[in-house]
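Text of coords-v8.cif (mmCIF, C-alpha atoms) as supplied:
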```cif
data_structure
loop_
_atom_site.label_atom_id
_atom_site.label_comp_id
_atom_site.auth_asym_id
_atom_site.auth_seq_id
_atom_site.Cartn_x
_atom_site.Cartn_y
_atom_site.Cartn_z
CA MET T 1 -188.94 -75.21 -226.12
CA THR T 2 -187.72 -71.96 -227.57
CA THR T 3 -185.66 -72.07 -230.75
CA THR T 4 -183.95 -68.73 -230.24
CA PRO T 5 -182.01 -67.71 -227.18
CA ARG T 6 -183.49 -65.07 -224.92
CA TYR T 7 -180.18 -63.19 -224.96
CA PRO T 8 -178.86 -62.76 -228.51
CA ALA T 9 -175.15 -63.41 -228.92
CA PRO T 10 -172.91 -60.61 -230.12
CA ALA T 11 -171.33 -60.79 -233.56
CA VAL T 12 -167.77 -62.11 -233.65
CA LEU T 13 -166.52 -58.85 -235.16
CA ASP T 14 -167.94 -56.89 -232.21
CA LEU T 15 -166.07 -58.90 -229.56
CA PRO T 16 -163.12 -57.53 -227.58
CA ASP T 17 -159.86 -58.54 -229.27
CA ASP T 18 -158.83 -61.20 -226.71
CA ILE T 19 -162.21 -62.92 -226.84
CA LYS T 20 -162.42 -62.63 -230.61
CA ALA T 21 -158.97 -64.29 -230.94
CA LYS T 22 -160.04 -67.21 -228.71
CA VAL T 23 -163.36 -67.65 -230.51
CA LEU T 24 -161.65 -67.69 -233.91
CA GLU T 25 -159.08 -70.17 -232.60
CA ILE T 26 -161.90 -72.49 -231.48
CA GLN T 27 -163.61 -72.09 -234.86
CA GLU T 28 -160.37 -72.97 -236.67
CA LYS T 29 -159.88 -76.06 -234.51
CA SER T 30 -163.44 -77.41 -234.54
CA GLY T 31 -164.84 -76.04 -237.78
CA PHE T 32 -167.61 -74.10 -236.00
CA ILE T 33 -168.10 -71.82 -233.00
CA PRO T 34 -169.81 -73.58 -230.08
CA ASN T 35 -172.76 -71.43 -229.03
CA VAL T 36 -171.51 -71.07 -225.46
CA PHE T 37 -168.52 -69.02 -226.62
CA LEU T 38 -170.72 -66.37 -228.20
CA ALA T 39 -173.60 -66.53 -225.73
CA LEU T 40 -171.36 -65.72 -222.77
CA ALA T 41 -169.41 -63.06 -224.70
CA ARG T 42 -172.25 -60.59 -224.19
CA ARG T 43 -170.56 -59.93 -220.83
CA PRO T 44 -166.81 -59.95 -221.51
CA ALA T 45 -165.64 -59.89 -217.87
CA GLU T 46 -167.85 -62.88 -217.05
CA TRP T 47 -166.71 -64.69 -220.23
CA ARG T 48 -163.08 -64.30 -219.18
CA ALA T 49 -163.75 -65.50 -215.62
CA PHE T 50 -165.90 -68.43 -216.79
CA PHE T 51 -163.38 -69.73 -219.31
CA ALA T 52 -160.42 -69.17 -217.01
CA TYR T 53 -162.03 -71.43 -214.41
CA HIS T 54 -163.26 -73.84 -217.08
CA ASP T 55 -159.73 -74.23 -218.44
CA ALA T 56 -158.21 -74.53 -214.95
CA LEU T 57 -160.52 -77.49 -214.25
CA MET T 58 -160.83 -79.16 -217.62
CA LEU T 59 -157.26 -78.74 -218.87
CA ARG T 60 -155.46 -79.38 -215.56
CA GLU T 61 -152.60 -81.74 -216.33
CA GLU T 62 -151.53 -82.80 -212.83
CA SER T 63 -154.63 -84.85 -212.10
CA GLY T 64 -155.63 -88.48 -211.87
CA LEU T 65 -158.67 -87.77 -214.05
CA THR T 66 -158.48 -88.33 -217.78
CA LYS T 67 -160.08 -85.93 -220.25
CA GLY T 68 -162.73 -88.59 -220.79
CA ASP T 69 -163.39 -88.79 -217.03
CA ARG T 70 -163.92 -85.04 -216.90
CA GLU T 71 -166.36 -85.05 -219.81
CA MET T 72 -168.16 -88.03 -218.30
CA ILE T 73 -168.71 -86.06 -215.08
CA VAL T 74 -170.05 -83.10 -217.08
CA THR T 75 -172.37 -85.22 -219.23
CA THR T 76 -173.78 -87.21 -216.32
CA THR T 77 -174.39 -84.31 -213.94
CA SER T 78 -175.68 -82.05 -216.73
CA ALA T 79 -178.29 -84.69 -217.52
CA ALA T 80 -179.36 -84.62 -213.86
CA ASN T 81 -179.66 -80.83 -214.19
CA HIS T 82 -181.66 -81.17 -217.43
CA CYS T 83 -179.17 -79.11 -219.42
CA LEU T 84 -179.61 -79.95 -223.08
CA TYR T 85 -176.68 -77.79 -224.19
CA CYS T 86 -174.11 -79.41 -221.91
CA VAL T 87 -175.36 -82.98 -222.36
CA VAL T 88 -175.16 -82.70 -226.14
CA ALA T 89 -171.92 -80.67 -226.37
CA HIS T 90 -169.96 -82.48 -223.67
CA GLY T 91 -171.46 -85.82 -224.66
CA ALA T 92 -169.93 -85.29 -228.10
CA ILE T 93 -166.52 -84.59 -226.59
CA LEU T 94 -166.90 -87.60 -224.27
CA ARG T 95 -167.60 -89.91 -227.23
CA ILE T 96 -164.44 -88.67 -228.92
CA TYR T 97 -162.16 -88.97 -225.88
CA GLU T 98 -163.45 -92.40 -224.87
CA LYS T 99 -163.71 -93.63 -228.49
CA LYS T 100 -167.10 -95.11 -227.58
CA PRO T 101 -170.06 -93.90 -229.65
CA LEU T 102 -172.66 -95.08 -227.10
CA VAL T 103 -171.13 -93.95 -223.81
CA ALA T 104 -172.53 -90.40 -223.67
CA ASP T 105 -176.11 -91.55 -224.16
CA GLN T 106 -175.60 -94.29 -221.58
CA VAL T 107 -174.23 -92.05 -218.82
CA ALA T 108 -176.76 -89.31 -219.54
CA VAL T 109 -179.67 -91.71 -219.14
CA ASN T 110 -178.37 -94.07 -216.44
CA TYR T 111 -174.66 -94.17 -215.67
CA ARG T 112 -175.19 -97.18 -213.36
CA LYS T 113 -175.94 -99.33 -216.43
CA ALA T 114 -173.38 -97.72 -218.74
CA ASP T 115 -170.40 -99.50 -220.26
CA ILE T 116 -167.88 -97.85 -217.91
CA THR T 117 -165.30 -99.10 -215.41
CA PRO T 118 -166.05 -99.62 -211.70
CA ARG T 119 -163.64 -96.72 -211.03
CA GLN T 120 -165.64 -94.42 -213.31
CA ARG T 121 -168.89 -95.57 -211.69
CA ALA T 122 -167.51 -94.66 -208.24
CA MET T 123 -166.41 -91.28 -209.63
CA LEU T 124 -169.92 -90.66 -210.98
CA ASP T 125 -171.55 -91.79 -207.73
CA PHE T 126 -169.61 -89.04 -205.97
CA ALA T 127 -170.27 -86.46 -208.72
CA MET T 128 -174.00 -87.16 -208.57
CA LYS T 129 -174.01 -86.80 -204.80
CA VAL T 130 -172.23 -83.44 -205.14
CA CYS T 131 -174.75 -82.50 -207.85
CA GLN T 132 -177.89 -83.47 -205.95
CA ARG T 133 -177.06 -83.80 -202.23
CA SER T 134 -173.76 -82.04 -201.54
CA ALA T 135 -174.70 -81.34 -197.91
CA GLU T 136 -174.67 -85.12 -197.29
CA ILE T 137 -171.05 -85.70 -198.39
CA ASN T 138 -169.13 -87.50 -195.63
CA GLU T 139 -165.94 -89.48 -194.98
CA ALA T 140 -167.47 -92.67 -196.40
CA ASP T 141 -167.76 -90.95 -199.78
CA PHE T 142 -164.04 -90.13 -199.74
CA ALA T 143 -163.15 -93.66 -198.59
CA ALA T 144 -165.10 -95.18 -201.50
CA LEU T 145 -163.08 -93.09 -203.95
CA HIS T 146 -159.76 -93.78 -202.20
CA ALA T 147 -160.51 -97.50 -202.64
CA HIS T 148 -160.48 -96.89 -206.41
CA GLY T 149 -157.19 -95.02 -206.33
CA PHE T 150 -158.46 -91.46 -206.35
CA SER T 151 -156.39 -88.97 -204.36
CA ASP T 152 -157.90 -86.13 -202.36
CA GLU T 153 -156.88 -83.77 -205.18
CA ASP T 154 -158.67 -85.98 -207.72
CA ILE T 155 -161.76 -85.89 -205.50
CA TRP T 156 -161.53 -82.08 -205.42
CA ASP T 157 -161.45 -82.16 -209.24
CA ILE T 158 -164.58 -84.34 -209.36
CA GLY T 159 -166.44 -82.04 -206.98
CA ALA T 160 -165.23 -78.80 -208.56
CA ILE T 161 -166.10 -79.92 -212.10
CA THR T 162 -169.55 -80.94 -210.91
CA ALA T 163 -170.07 -77.61 -209.13
CA PHE T 164 -168.74 -75.50 -211.99
CA PHE T 165 -170.98 -77.19 -214.52
CA GLY T 166 -173.94 -76.80 -212.16
CA LEU T 167 -173.38 -73.07 -212.73
CA SER T 168 -172.94 -73.59 -216.46
CA ASN T 169 -176.10 -75.75 -216.68
CA ARG T 170 -178.18 -73.08 -215.00
CA ILE T 171 -176.89 -70.30 -217.26
CA ALA T 172 -177.53 -72.41 -220.36
CA ASN T 173 -181.02 -73.30 -219.14
CA PHE T 174 -182.28 -69.85 -218.17
CA SER T 175 -180.77 -68.19 -221.23
CA GLY T 176 -182.22 -70.68 -223.71
CA MET T 177 -178.79 -71.72 -225.04
CA LEU T 178 -179.10 -74.53 -227.56
CA PRO T 179 -176.42 -76.94 -228.76
CA ASN T 180 -174.92 -76.48 -232.20
CA PRO T 181 -176.21 -79.09 -234.69
CA GLU T 182 -172.61 -80.24 -235.27
CA PHE T 183 -172.40 -81.69 -231.76
CA TYR T 184 -175.12 -84.28 -232.38
CA LEU T 185 -173.06 -86.41 -234.76
CA MET T 186 -169.57 -85.87 -233.34
CA GLY T 187 -167.99 -89.12 -232.17
CA ARG T 188 -170.90 -91.24 -233.37
CA ILE T 189 -169.57 -92.07 -236.81
CA ALA T 190 -165.99 -92.54 -237.91
CA ARG T 191 -164.44 -89.50 -239.53
CA GLU T 192 -163.01 -89.94 -242.97
CA LYS T 193 -159.25 -89.81 -242.95
CA LYS T 194 -157.72 -87.16 -245.16
CA PRO T 195 -155.45 -88.55 -247.91
#
```
structure tokens encoding of this file:
Amino acid sequence: MTTTPRYPAPAVLDLPDDIKAKVLEIQEKSGFIPNVFLALARRPAEWRAFFAYHDALMLREESGLTKGDREMIVTTTSAANHCLYCVVAHGAILRIYEKKPLVADQVAVNYRKADITPRQRAMLDFAMKVCQRSAEINEADFAALHAHGFSDEDIWDIGAITAFFGLSNRIANFSGMLPNPEFYLMGRIAREKKP
């Protein structure tokens, strides 16, 4: 495995103003800059398009999916795509949203044995089919999700998140993008409360 990315990230100070502002906002919020924000900034137009679609999917409020559900889809399907960056980064976010320090490792290795609800398992069954065998999707797949209370719009969200992160996984893999060290511990140990 390479330890340096094939495509060096630009310096924050060299970024276009809109991208620089967003990157600095993320740094302020999280305490570090996730590597994906700089790695993709080498092509500003693609960065803008990528994060616009990312935000439309992952921050969509009128959905039956929770933030944890979304991150669970990303972590599970990214593991199937062998994307170290997305499994580690989104696994960290999943642990935080679900308040379960073991869940990301469980769904990344074998979601069928993970400590998740039957509804989440059905969601991941569909996501994995979209990830690995999308041409085989049929009405029975929709019926299985409807039985768990998912609407057709929720099912679109599951499929679109899976498809979008299939793109993301492939970019991270071919470019040699590695997860920030900070992601590895996030959500695993309780954070100290500030006085």
Using all atoms listed in the file, find the one residue out of T:Ala9, T:Ala144, T:Ile137, T:Leu24 that sits nearest to T:Pro44.
-> T:Ala9
Chain and number of each residue from the PyMOL selection byres ((chain T and resi 7) around 10), as number ranges by chain = T: 4-6, 8-10, 39-40, 42, 174-177
Hits from the PyMOL selection byres ((chain T and resi 68-74) around 10), listed as a ChimeraX atom specification | /T:57-59,64-67,75-80,86-87,89-99,103-104,107-108,111,116,119-120,123-128,157-159,161-166,168-169
Radius query 12 Å about (-165.9, -68.3, -219.1), atoms used: all atoms listed in the file, as a ChimeraX atom specification = /T:19,22-23,36-57,164-165,167-168,171
File dump, residues just selected, C-alpha atoms, as an mmCIF file, keeping the file's coordinate frame:
```
data_model
loop_
_atom_site.group_PDB
_atom_site.id
_atom_site.type_symbol
_atom_site.label_atom_id
_atom_site.label_comp_id
_atom_site.auth_asym_id
_atom_site.auth_seq_id
_atom_site.Cartn_x
_atom_site.Cartn_y
_atom_site.Cartn_z
ATOM 1 C CA ILE T 19 -162.210 -62.920 -226.840
ATOM 2 C CA LYS T 22 -160.040 -67.210 -228.710
ATOM 3 C CA VAL T 23 -163.360 -67.650 -230.510
ATOM 4 C CA VAL T 36 -171.510 -71.070 -225.460
ATOM 5 C CA PHE T 37 -168.520 -69.020 -226.620
ATOM 6 C CA LEU T 38 -170.720 -66.370 -228.200
ATOM 7 C CA ALA T 39 -173.600 -66.530 -225.730
ATOM 8 C CA LEU T 40 -171.360 -65.720 -222.770
ATOM 9 C CA ALA T 41 -169.410 -63.060 -224.700
ATOM 10 C CA ARG T 42 -172.250 -60.590 -224.190
ATOM 11 C CA ARG T 43 -170.560 -59.930 -220.830
ATOM 12 C CA PRO T 44 -166.810 -59.950 -221.510
ATOM 13 C CA ALA T 45 -165.640 -59.890 -217.870
ATOM 14 C CA GLU T 46 -167.850 -62.880 -217.050
ATOM 15 C CA TRP T 47 -166.710 -64.690 -220.230
ATOM 16 C CA ARG T 48 -163.080 -64.300 -219.180
ATOM 17 C CA ALA T 49 -163.750 -65.500 -215.620
ATOM 18 C CA PHE T 50 -165.900 -68.430 -216.790
ATOM 19 C CA PHE T 51 -163.380 -69.730 -219.310
ATOM 20 C CA ALA T 52 -160.420 -69.170 -217.010
ATOM 21 C CA TYR T 53 -162.030 -71.430 -214.410
ATOM 22 C CA HIS T 54 -163.260 -73.840 -217.080
ATOM 23 C CA ASP T 55 -159.730 -74.230 -218.440
ATOM 24 C CA ALA T 56 -158.210 -74.530 -214.950
ATOM 25 C CA LEU T 57 -160.520 -77.490 -214.250
ATOM 26 C CA PHE T 164 -168.740 -75.500 -211.990
ATOM 27 C CA PHE T 165 -170.980 -77.190 -214.520
ATOM 28 C CA LEU T 167 -173.380 -73.070 -212.730
ATOM 29 C CA SER T 168 -172.940 -73.590 -216.460
ATOM 30 C CA ILE T 171 -176.890 -70.300 -217.260
#
```
Would you give the centre and edge lengths, in Å to one decimal, of a box along x, y and z around the listed atoms of stretch 168-178 of chain T, with 8 Å added to each side, as lines of an AutoDock Vina configuration file?
```
center_x = -177.6
center_y = -72.0
center_z = -221.3
size_x = 25.3
size_y = 23.6
size_z = 28.6
```
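Residue nearest T:Ser30 within the list T:Phe142, T:Phe183, T:Tyr85, T:Trp156: T:Phe183 [criterion: smallest interatomic distance, all atoms listed in the file].
Note that atom CA of T:Glu182 and atom CA of T:Asp17 are 25.9 Å apart.
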Looking at T:Asn173, T:Gln132, T:Asn180, T:Ser151, which one is nearest to T:Ser63, with distances taken over all atoms listed in the file?
->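 Checking each of T:Asn173, T:Gln132, T:Asn180, T:Ser151 against T:Ser63, counting all atoms listed in the file, the winner is T:Ser151.
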Work out how far atom CA of T:Leu145 is from atom CA of T:Ala122, in Å to one decimal.
->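 Value for the atom CA of T:Ala122-atom CA of T:Leu145 distance: 6.4 Å.
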For the atom pair atom CA of T:Asn110 and atom CA of T:Arg133, what is the interatomic distance in Å to one decimal place?
->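 Separation between atom CA of T:Asn110 and atom CA of T:Arg133: 17.6 Å.
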Looking at T:Ala11, T:Val130, T:Ala114, T:His146, which one is nearest to T:Ala160, with distances taken over only C-alpha atoms?
->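 Going through T:Ala11, T:Val130, T:Ala114, T:His146 one by one, the smallest distance to T:Ala160 is for T:Val130.
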Would you save stretch 46-70 of chain T to a file, keeping N, CA and C atoms, as a PDB file, in the first residue's frame?
```pdb
ATOM      1  N   GLU T  46     -15.013  19.889 -10.240  1.00  0.00           N
ATOM      2  CA  GLU T  46     -15.432  18.564  -9.797  1.00  0.00           C
ATOM      3  C   GLU T  46     -15.689  18.554  -8.296  1.00  0.00           C
ATOM      4  N   TRP T  47     -14.865  19.271  -7.528  1.00  0.00           N
ATOM      5  CA  TRP T  47     -15.068  19.381  -6.072  1.00  0.00           C
ATOM      6  C   TRP T  47     -16.459  19.935  -5.793  1.00  0.00           C
ATOM      7  N   ARG T  48     -16.800  21.022  -6.468  1.00  0.00           N
ATOM      8  CA  ARG T  48     -18.103  21.660  -6.246  1.00  0.00           C
ATOM      9  C   ARG T  48     -19.250  20.705  -6.594  1.00  0.00           C
ATOM     10  N   ALA T  49     -19.144  20.023  -7.721  1.00  0.00           N
ATOM     11  CA  ALA T  49     -20.199  19.094  -8.140  1.00  0.00           C
ATOM     12  C   ALA T  49     -20.306  17.915  -7.169  1.00  0.00           C
ATOM     13  N   PHE T  50     -19.171  17.370  -6.776  1.00  0.00           N
ATOM     14  CA  PHE T  50     -19.130  16.232  -5.859  1.00  0.00           C
ATOM     15  C   PHE T  50     -19.804  16.588  -4.538  1.00  0.00           C
ATOM     16  N   PHE T  51     -19.385  17.695  -3.932  1.00  0.00           N
ATOM     17  CA  PHE T  51     -19.929  18.032  -2.620  1.00  0.00           C
ATOM     18  C   PHE T  51     -21.353  18.561  -2.692  1.00  0.00           C
ATOM     19  N   ALA T  52     -21.763  19.107  -3.812  1.00  0.00           N
ATOM     20  CA  ALA T  52     -23.165  19.504  -3.962  1.00  0.00           C
ATOM     21  C   ALA T  52     -24.056  18.255  -3.945  1.00  0.00           C
ATOM     22  N   TYR T  53     -23.643  17.224  -4.674  1.00  0.00           N
ATOM     23  CA  TYR T  53     -24.446  15.996  -4.687  1.00  0.00           C
ATOM     24  C   TYR T  53     -24.335  15.269  -3.353  1.00  0.00           C
ATOM     25  N   HIS T  54     -23.132  15.231  -2.790  1.00  0.00           N
ATOM     26  CA  HIS T  54     -22.942  14.643  -1.463  1.00  0.00           C
ATOM     27  C   HIS T  54     -23.910  15.264  -0.463  1.00  0.00           C
ATOM     28  N   ASP T  55     -23.929  16.580  -0.406  1.00  0.00           N
ATOM     29  CA  ASP T  55     -24.781  17.273   0.566  1.00  0.00           C
ATOM     30  C   ASP T  55     -26.266  17.055   0.271  1.00  0.00           C
ATOM     31  N   ALA T  56     -26.636  17.014  -1.017  1.00  0.00           N
ATOM     32  CA  ALA T  56     -28.035  16.778  -1.375  1.00  0.00           C
ATOM     33  C   ALA T  56     -28.499  15.408  -0.876  1.00  0.00           C
ATOM     34  N   LEU T  57     -27.626  14.414  -0.908  1.00  0.00           N
ATOM     35  CA  LEU T  57     -27.968  13.072  -0.439  1.00  0.00           C
ATOM     36  C   LEU T  57     -27.839  12.919   1.066  1.00  0.00           C
ATOM     37  N   MET T  58     -26.743  13.372   1.605  1.00  0.00           N
ATOM     38  CA  MET T  58     -26.418  13.072   2.999  1.00  0.00           C
ATOM     39  C   MET T  58     -27.048  14.047   3.993  1.00  0.00           C
ATOM     40  N   LEU T  59     -27.442  15.217   3.534  1.00  0.00           N
ATOM     41  CA  LEU T  59     -28.040  16.205   4.434  1.00  0.00           C
ATOM     42  C   LEU T  59     -29.524  16.421   4.166  1.00  0.00           C
ATOM     43  N   ARG T  60     -30.096  15.627   3.286  1.00  0.00           N
ATOM     44  CA  ARG T  60     -31.512  15.749   2.910  1.00  0.00           C
ATOM     45  C   ARG T  60     -32.385  15.531   4.136  1.00  0.00           C
ATOM     46  N   GLU T  61     -33.208  16.508   4.454  1.00  0.00           N
ATOM     47  CA  GLU T  61     -34.005  16.442   5.673  1.00  0.00           C
ATOM     48  C   GLU T  61     -35.329  15.704   5.499  1.00  0.00           C
ATOM     49  N   GLU T  62     -35.937  15.790   4.326  1.00  0.00           N
ATOM     50  CA  GLU T  62     -37.240  15.164   4.122  1.00  0.00           C
ATOM     51  C   GLU T  62     -37.069  13.715   3.664  1.00  0.00           C
ATOM     52  N   SER T  63     -36.554  12.893   4.571  1.00  0.00           N
ATOM     53  CA  SER T  63     -36.274  11.502   4.250  1.00  0.00           C
ATOM     54  C   SER T  63     -36.582  10.626   5.456  1.00  0.00           C
ATOM     55  N   GLY T  64     -36.911   9.383   5.183  1.00  0.00           N
ATOM     56  CA  GLY T  64     -37.128   8.422   6.258  1.00  0.00           C
ATOM     57  C   GLY T  64     -35.844   7.796   6.764  1.00  0.00           C
ATOM     58  N   LEU T  65     -34.704   8.193   6.190  1.00  0.00           N
ATOM     59  CA  LEU T  65     -33.418   7.669   6.645  1.00  0.00           C
ATOM     60  C   LEU T  65     -32.812   8.612   7.676  1.00  0.00           C
ATOM     61  N   THR T  66     -32.283   8.041   8.740  1.00  0.00           N
ATOM     62  CA  THR T  66     -31.566   8.848   9.727  1.00  0.00           C
ATOM     63  C   THR T  66     -30.150   9.115   9.224  1.00  0.00           C
ATOM     64  N   LYS T  67     -29.452  10.015   9.877  1.00  0.00           N
ATOM     65  CA  LYS T  67     -28.044  10.247   9.533  1.00  0.00           C
ATOM     66  C   LYS T  67     -27.242   8.976   9.756  1.00  0.00           C
ATOM     67  N   GLY T  68     -27.570   8.242  10.818  1.00  0.00           N
ATOM     68  CA  GLY T  68     -26.889   6.970  11.069  1.00  0.00           C
ATOM     69  C   GLY T  68     -27.140   5.962   9.963  1.00  0.00           C
ATOM     70  N   ASP T  69     -28.402   5.888   9.479  1.00  0.00           N
ATOM     71  CA  ASP T  69     -28.718   4.980   8.370  1.00  0.00           C
ATOM     72  C   ASP T  69     -27.849   5.294   7.156  1.00  0.00           C
ATOM     73  N   ARG T  70     -27.728   6.564   6.837  1.00  0.00           N
ATOM     74  CA  ARG T  70     -26.955   6.974   5.666  1.00  0.00           C
ATOM     75  C   ARG T  70     -25.489   6.549   5.803  1.00  0.00           C
TER      76      ARG T  70
END
```
